[in-house]
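Asker: Dropping in final_9.cif, with mmCIF, C-alpha atoms.
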data_my_file
#
loop_
_atom_site.label_atom_id
_atom_site.label_comp_id
_atom_site.auth_asym_id
_atom_site.auth_seq_id
_atom_site.Cartn_x
_atom_site.Cartn_y
_atom_site.Cartn_z
CA MET J 298 104.87 -20.76 13.73
CA SER J 299 102.00 -23.14 13.10
CA ALA J 300 101.93 -25.41 16.16
CA ILE J 301 102.69 -25.69 19.87
CA ASP J 302 103.74 -28.78 21.82
CA VAL J 303 100.94 -29.57 24.30
CA ILE J 304 102.32 -31.34 27.39
CA VAL J 305 100.45 -32.81 30.35
CA VAL J 306 102.16 -34.27 33.45
CA PRO J 307 100.01 -36.84 35.30
CA ASP J 308 101.41 -38.46 38.47
CA PHE J 309 100.80 -42.20 38.45
CA ALA J 310 103.48 -42.89 41.10
CA GLY J 311 101.88 -41.02 44.00
CA PRO J 312 98.96 -41.72 46.33
CA ALA J 313 96.47 -40.05 43.94
CA ALA J 314 97.32 -42.28 40.96
CA ARG J 315 93.68 -43.34 40.41
CA LEU J 316 92.54 -39.72 40.47
CA PHE J 317 95.23 -38.81 37.93
CA GLU J 318 94.09 -41.71 35.75
CA ALA J 319 90.52 -40.37 35.69
CA ARG J 320 91.66 -36.79 35.07
CA THR J 321 94.01 -37.86 32.27
CA LEU J 322 91.24 -39.86 30.59
CA LEU J 323 88.92 -36.82 30.76
CA PHE J 324 91.65 -34.57 29.36
CA LEU J 325 92.38 -36.96 26.48
CA GLY J 326 88.67 -37.40 25.73
CA SER J 327 88.20 -33.63 25.59
CA TRP J 328 91.26 -33.39 23.30
CA LEU J 329 89.71 -35.90 20.89
CA GLU J 330 86.40 -34.09 20.87
CA HIS J 331 87.45 -30.43 20.68
CA GLN J 332 90.97 -30.15 19.25
CA GLY J 333 89.85 -28.48 16.01
CA ALA J 334 92.65 -26.97 13.91
CA SER J 335 95.17 -27.87 16.64
CA ARG J 336 94.62 -31.53 15.71
CA SER J 337 98.11 -31.77 14.20
CA TRP J 338 99.88 -30.31 17.25
CA PRO J 339 102.19 -32.68 19.15
CA LEU J 340 100.45 -33.99 22.28
CA ARG J 341 102.74 -35.42 24.94
CA LEU J 342 102.18 -37.08 28.30
CA ALA J 343 105.16 -36.77 30.65
CA CYS J 344 103.99 -39.39 33.14
CA ILE J 345 105.39 -39.68 36.62
CA GLY J 346 105.55 -43.47 36.93
CA GLN J 347 103.97 -45.86 34.44
CA ALA J 348 100.73 -44.85 32.73
CA PRO J 349 97.85 -47.31 33.21
CA ASP J 350 96.71 -49.30 30.18
CA SER J 351 93.52 -47.21 29.91
CA VAL J 352 95.59 -44.02 29.56
CA ARG J 353 98.01 -45.62 27.09
CA GLU J 354 95.15 -46.79 24.89
CA LEU J 355 93.39 -43.41 24.80
CA ALA J 356 96.74 -41.65 24.29
CA ARG J 357 97.33 -43.91 21.28
CA ARG J 358 93.95 -42.86 19.85
CA CYS J 359 94.98 -39.22 20.36
CA GLN J 360 98.33 -39.90 18.69
CA ALA J 361 100.00 -38.70 21.88
CA GLN J 362 103.53 -39.62 22.86
CA VAL J 363 103.77 -41.17 26.35
CA THR J 364 107.04 -40.85 28.29
CA SER J 365 107.63 -42.10 31.85
CA PHE J 366 109.74 -40.34 34.46
CA GLU J 367 110.71 -41.14 38.02
CA PRO J 368 109.46 -38.60 40.60
CA LEU J 369 111.89 -35.79 41.32
CA ALA J 370 113.75 -36.15 44.61
CA LEU J 371 112.90 -32.63 45.79
CA PRO J 372 111.17 -31.43 48.95
CA GLU J 373 107.48 -32.29 49.02
CA SER J 374 105.43 -30.07 46.77
CA TYR J 375 102.54 -30.84 44.49
CA LEU J 376 104.21 -28.79 41.75
CA THR J 377 107.75 -30.16 41.58
CA ASN J 378 107.09 -33.02 39.16
CA LYS J 379 105.36 -30.71 36.66
CA ILE J 380 108.73 -29.48 35.46
CA ARG J 381 109.36 -32.99 34.08
CA GLY J 382 107.20 -31.91 31.13
CA LEU J 383 109.82 -29.32 30.23
CA GLU J 384 112.44 -32.08 29.91
CA LEU J 385 110.80 -33.35 26.73
CA PRO J 386 112.46 -31.98 23.59
CA SER J 387 110.18 -29.55 21.79
CA GLN J 388 109.08 -30.44 18.29
CA THR J 389 107.77 -26.94 17.54
CA GLY J 390 109.93 -24.55 19.57
CA ARG J 391 106.95 -23.62 21.78
CA VAL J 392 105.41 -25.46 24.72
CA LEU J 393 101.98 -25.29 26.33
CA LEU J 394 102.25 -27.06 29.69
CA VAL J 395 98.67 -27.89 30.69
CA ASP J 396 97.38 -29.14 34.04
CA VAL J 397 95.95 -32.63 33.81
CA ASP J 398 92.60 -31.49 35.21
CA THR J 399 92.09 -29.13 32.25
CA LEU J 400 89.35 -29.89 29.74
CA ILE J 401 89.81 -28.80 26.14
CA LEU J 402 86.52 -27.21 25.08
CA ASN J 403 87.63 -25.44 21.93
CA ASP J 404 90.34 -25.30 19.30
CA LEU J 405 93.69 -24.15 20.74
CA SER J 406 94.99 -22.55 17.55
CA PRO J 407 94.16 -18.97 18.71
CA PHE J 408 97.08 -19.39 21.14
CA LEU J 409 99.35 -18.98 18.12
CA GLU J 410 98.28 -15.33 17.93
CA LEU J 411 99.92 -14.65 21.32
CA GLY J 412 103.37 -14.83 19.75
CA GLU J 413 106.37 -15.42 21.95
CA CYS J 414 105.27 -15.22 25.57
CA LEU J 415 105.51 -16.74 29.01
CA ALA J 416 102.42 -17.34 31.08
CA LEU J 417 102.08 -18.54 34.66
CA ALA J 418 99.18 -19.29 36.92
CA PRO J 419 99.09 -19.92 40.67
#
Show this structure as structure tokens.
Answerer:
Amino acid sequence: MSAIDVIVVPDFAGPAARLFEARTLLFLGSWLEHQGASRSWPLRLACIGQAPDSVRELARRCQAQVTSFEPLALPESYLTNKIRGLELPSQTGRVLLVDVDTLILNDLSPFLELGECLALAP
């Protein structure tokens, strides 16, 4: 396996939409700067609501696919909409679901050495 789908789920439909816009722009900027050998990996934004123009433009520069979803009608939780990212069909057979407030500071290709795995974080 030579790539992993990288998926980020920003929430532009909720009360923190402006905060998610800033975080998404920082994530995308760090992707452009530090993607290294993972440059060819599929980058996807599974947006809750419509992405602002600033995010769409930077996503285009990153060659990222932007998809919009309605919020899930589940009990209030800050995590429920993150599973929308898993609704996107995988291009590689592997998915790295990344929080939007993550900054990419180095090439992600060493993740390929992990093989088949499942990782969770609180």
Asker: How far is it from CA of Ser335 (chain J) to CA of Asp308 (chain J), in Å with one decimal?
Answerer: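 Pair CA of Ser335 (chain J) / CA of Asp308 (chain J) returns 25.1 Å.
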Asker: Would you tabulate, counting only C-alpha atoms, all residues of region 367-407 of chain J that have an atom at most 8 Å from an atom of region 316-324 of chain J, showing the closest pair of atoms and their distance in Å to one decimal, sorted by chain then ascending number, as a Markdown table?
Answerer:
| residue | atom | partner | partner_atom | distance |
| --- | --- | --- | --- | --- |
| J:Val397 | CA | J:Thr321 | CA | 5.8 |
| J:Asp398 | CA | J:Arg320 | CA | 5.4 |
| J:Thr399 | CA | J:Phe324 | CA | 6.2 |
| J:Leu400 | CA | J:Phe324 | CA | 5.2 |
| J:Ile401 | CA | J:Phe324 | CA | 6.9 |
Asker: What does the structure give for the distance between CA of Phe408 (chain J) and CA of Gly326 (chain J), in Å to one decimal?
Answerer: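 Between CA of Phe408 (chain J) and CA of Gly326 (chain J) the gap works out to 20.4 Å.
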Asker: Counting only C-alpha atoms, figure out which residue out of J:Cys359, J:Ile345, J:Leu325, J:Ala310 gets nearest to Ile380 (chain J).
Answerer: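 That would be J:Ile345, the residue with the smallest distance to Ile380 (chain J).
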Asker: Between CA of Leu376 (chain J) and CA of Pro312 (chain J), measure the distance and give it in Å to one decimal.
Answerer: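 Calculated distance between CA of Leu376 (chain J) and CA of Pro312 (chain J) is 14.7 Å.
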Asker: I'd like the neighbourhood of Asp302 (chain J) as JSON, numbers by chain, where a residue qualifies if any of its atoms comes within 10 Å (using all atoms listed in the file), though same-chain residues fewer than 6 positions away should be ignored.
Answerer: {"J": [337, 338, 339, 340, 341, 385, 386, 387, 388, 389, 390, 391, 392, 393, 394]}
Asker: The selected residues should be written to file as an mmCIF file, in the coordinates of the input (atoms: C-alpha atoms).
Answerer:
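Final output, saved to result_3.cif:
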data_model
loop_
_atom_site.group_PDB
_atom_site.id
_atom_site.type_symbol
_atom_site.label_atom_id
_atom_site.label_comp_id
_atom_site.auth_asym_id
_atom_site.auth_seq_id
_atom_site.Cartn_x
_atom_site.Cartn_y
_atom_site.Cartn_z
ATOM 1 C CA SER J 337 98.110 -31.770 14.200
ATOM 2 C CA TRP J 338 99.880 -30.310 17.250
ATOM 3 C CA PRO J 339 102.190 -32.680 19.150
ATOM 4 C CA LEU J 340 100.450 -33.990 22.280
ATOM 5 C CA ARG J 341 102.740 -35.420 24.940
ATOM 6 C CA LEU J 385 110.800 -33.350 26.730
ATOM 7 C CA PRO J 386 112.460 -31.980 23.590
ATOM 8 C CA SER J 387 110.180 -29.550 21.790
ATOM 9 C CA GLN J 388 109.080 -30.440 18.290
ATOM 10 C CA THR J 389 107.770 -26.940 17.540
ATOM 11 C CA GLY J 390 109.930 -24.550 19.570
ATOM 12 C CA ARG J 391 106.950 -23.620 21.780
ATOM 13 C CA VAL J 392 105.410 -25.460 24.720
ATOM 14 C CA LEU J 393 101.980 -25.290 26.330
ATOM 15 C CA LEU J 394 102.250 -27.060 29.690
#
Asker: Using only C-alpha atoms, find the one residue out of J:Glu384, J:Leu369, J:Leu402, J:Ser299 that sits nearest to Trp328 (chain J).
Answerer: J:Leu402
Asker: I'd like the box whose edges run along x, y and z of the file and which contains every listed atom of region 345-356 of chain J, padded by 4 Å per side; could you state its centre and edge lengths in Å, one decimal, as lines of an AutoDock Vina configuration file?
Answerer:
center_x = 99.5
center_y = -44.5
center_z = 30.6
size_x = 20.2
size_y = 17.6
size_z = 20.6
Asker: Would you write out, as a PDB file with C-alpha atoms, keeping the file's coordinate frame, every residue that the PyMOL selection byres ((chain J and resi 407) around 12) captures in this file?
Answerer:
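Dumped to out.pdb:
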ATOM      1  CA  MET J 298     104.870 -20.760  13.730  1.00  0.00           C
ATOM      2  CA  SER J 299     102.000 -23.140  13.100  1.00  0.00           C
ATOM      3  CA  ALA J 300     101.930 -25.410  16.160  1.00  0.00           C
ATOM      4  CA  ILE J 301     102.690 -25.690  19.870  1.00  0.00           C
ATOM      5  CA  GLN J 332      90.970 -30.150  19.250  1.00  0.00           C
ATOM      6  CA  GLY J 333      89.850 -28.480  16.010  1.00  0.00           C
ATOM      7  CA  ALA J 334      92.650 -26.970  13.910  1.00  0.00           C
ATOM      8  CA  SER J 335      95.170 -27.870  16.640  1.00  0.00           C
ATOM      9  CA  ASN J 403      87.630 -25.440  21.930  1.00  0.00           C
ATOM     10  CA  ASP J 404      90.340 -25.300  19.300  1.00  0.00           C
ATOM     11  CA  LEU J 405      93.690 -24.150  20.740  1.00  0.00           C
ATOM     12  CA  SER J 406      94.990 -22.550  17.550  1.00  0.00           C
ATOM     13  CA  PHE J 408      97.080 -19.390  21.140  1.00  0.00           C
ATOM     14  CA  LEU J 409      99.350 -18.980  18.120  1.00  0.00           C
ATOM     15  CA  GLU J 410      98.280 -15.330  17.930  1.00  0.00           C
ATOM     16  CA  LEU J 411      99.920 -14.650  21.320  1.00  0.00           C
ATOM     17  CA  GLY J 412     103.370 -14.830  19.750  1.00  0.00           C
TER      18      GLY J 412
END
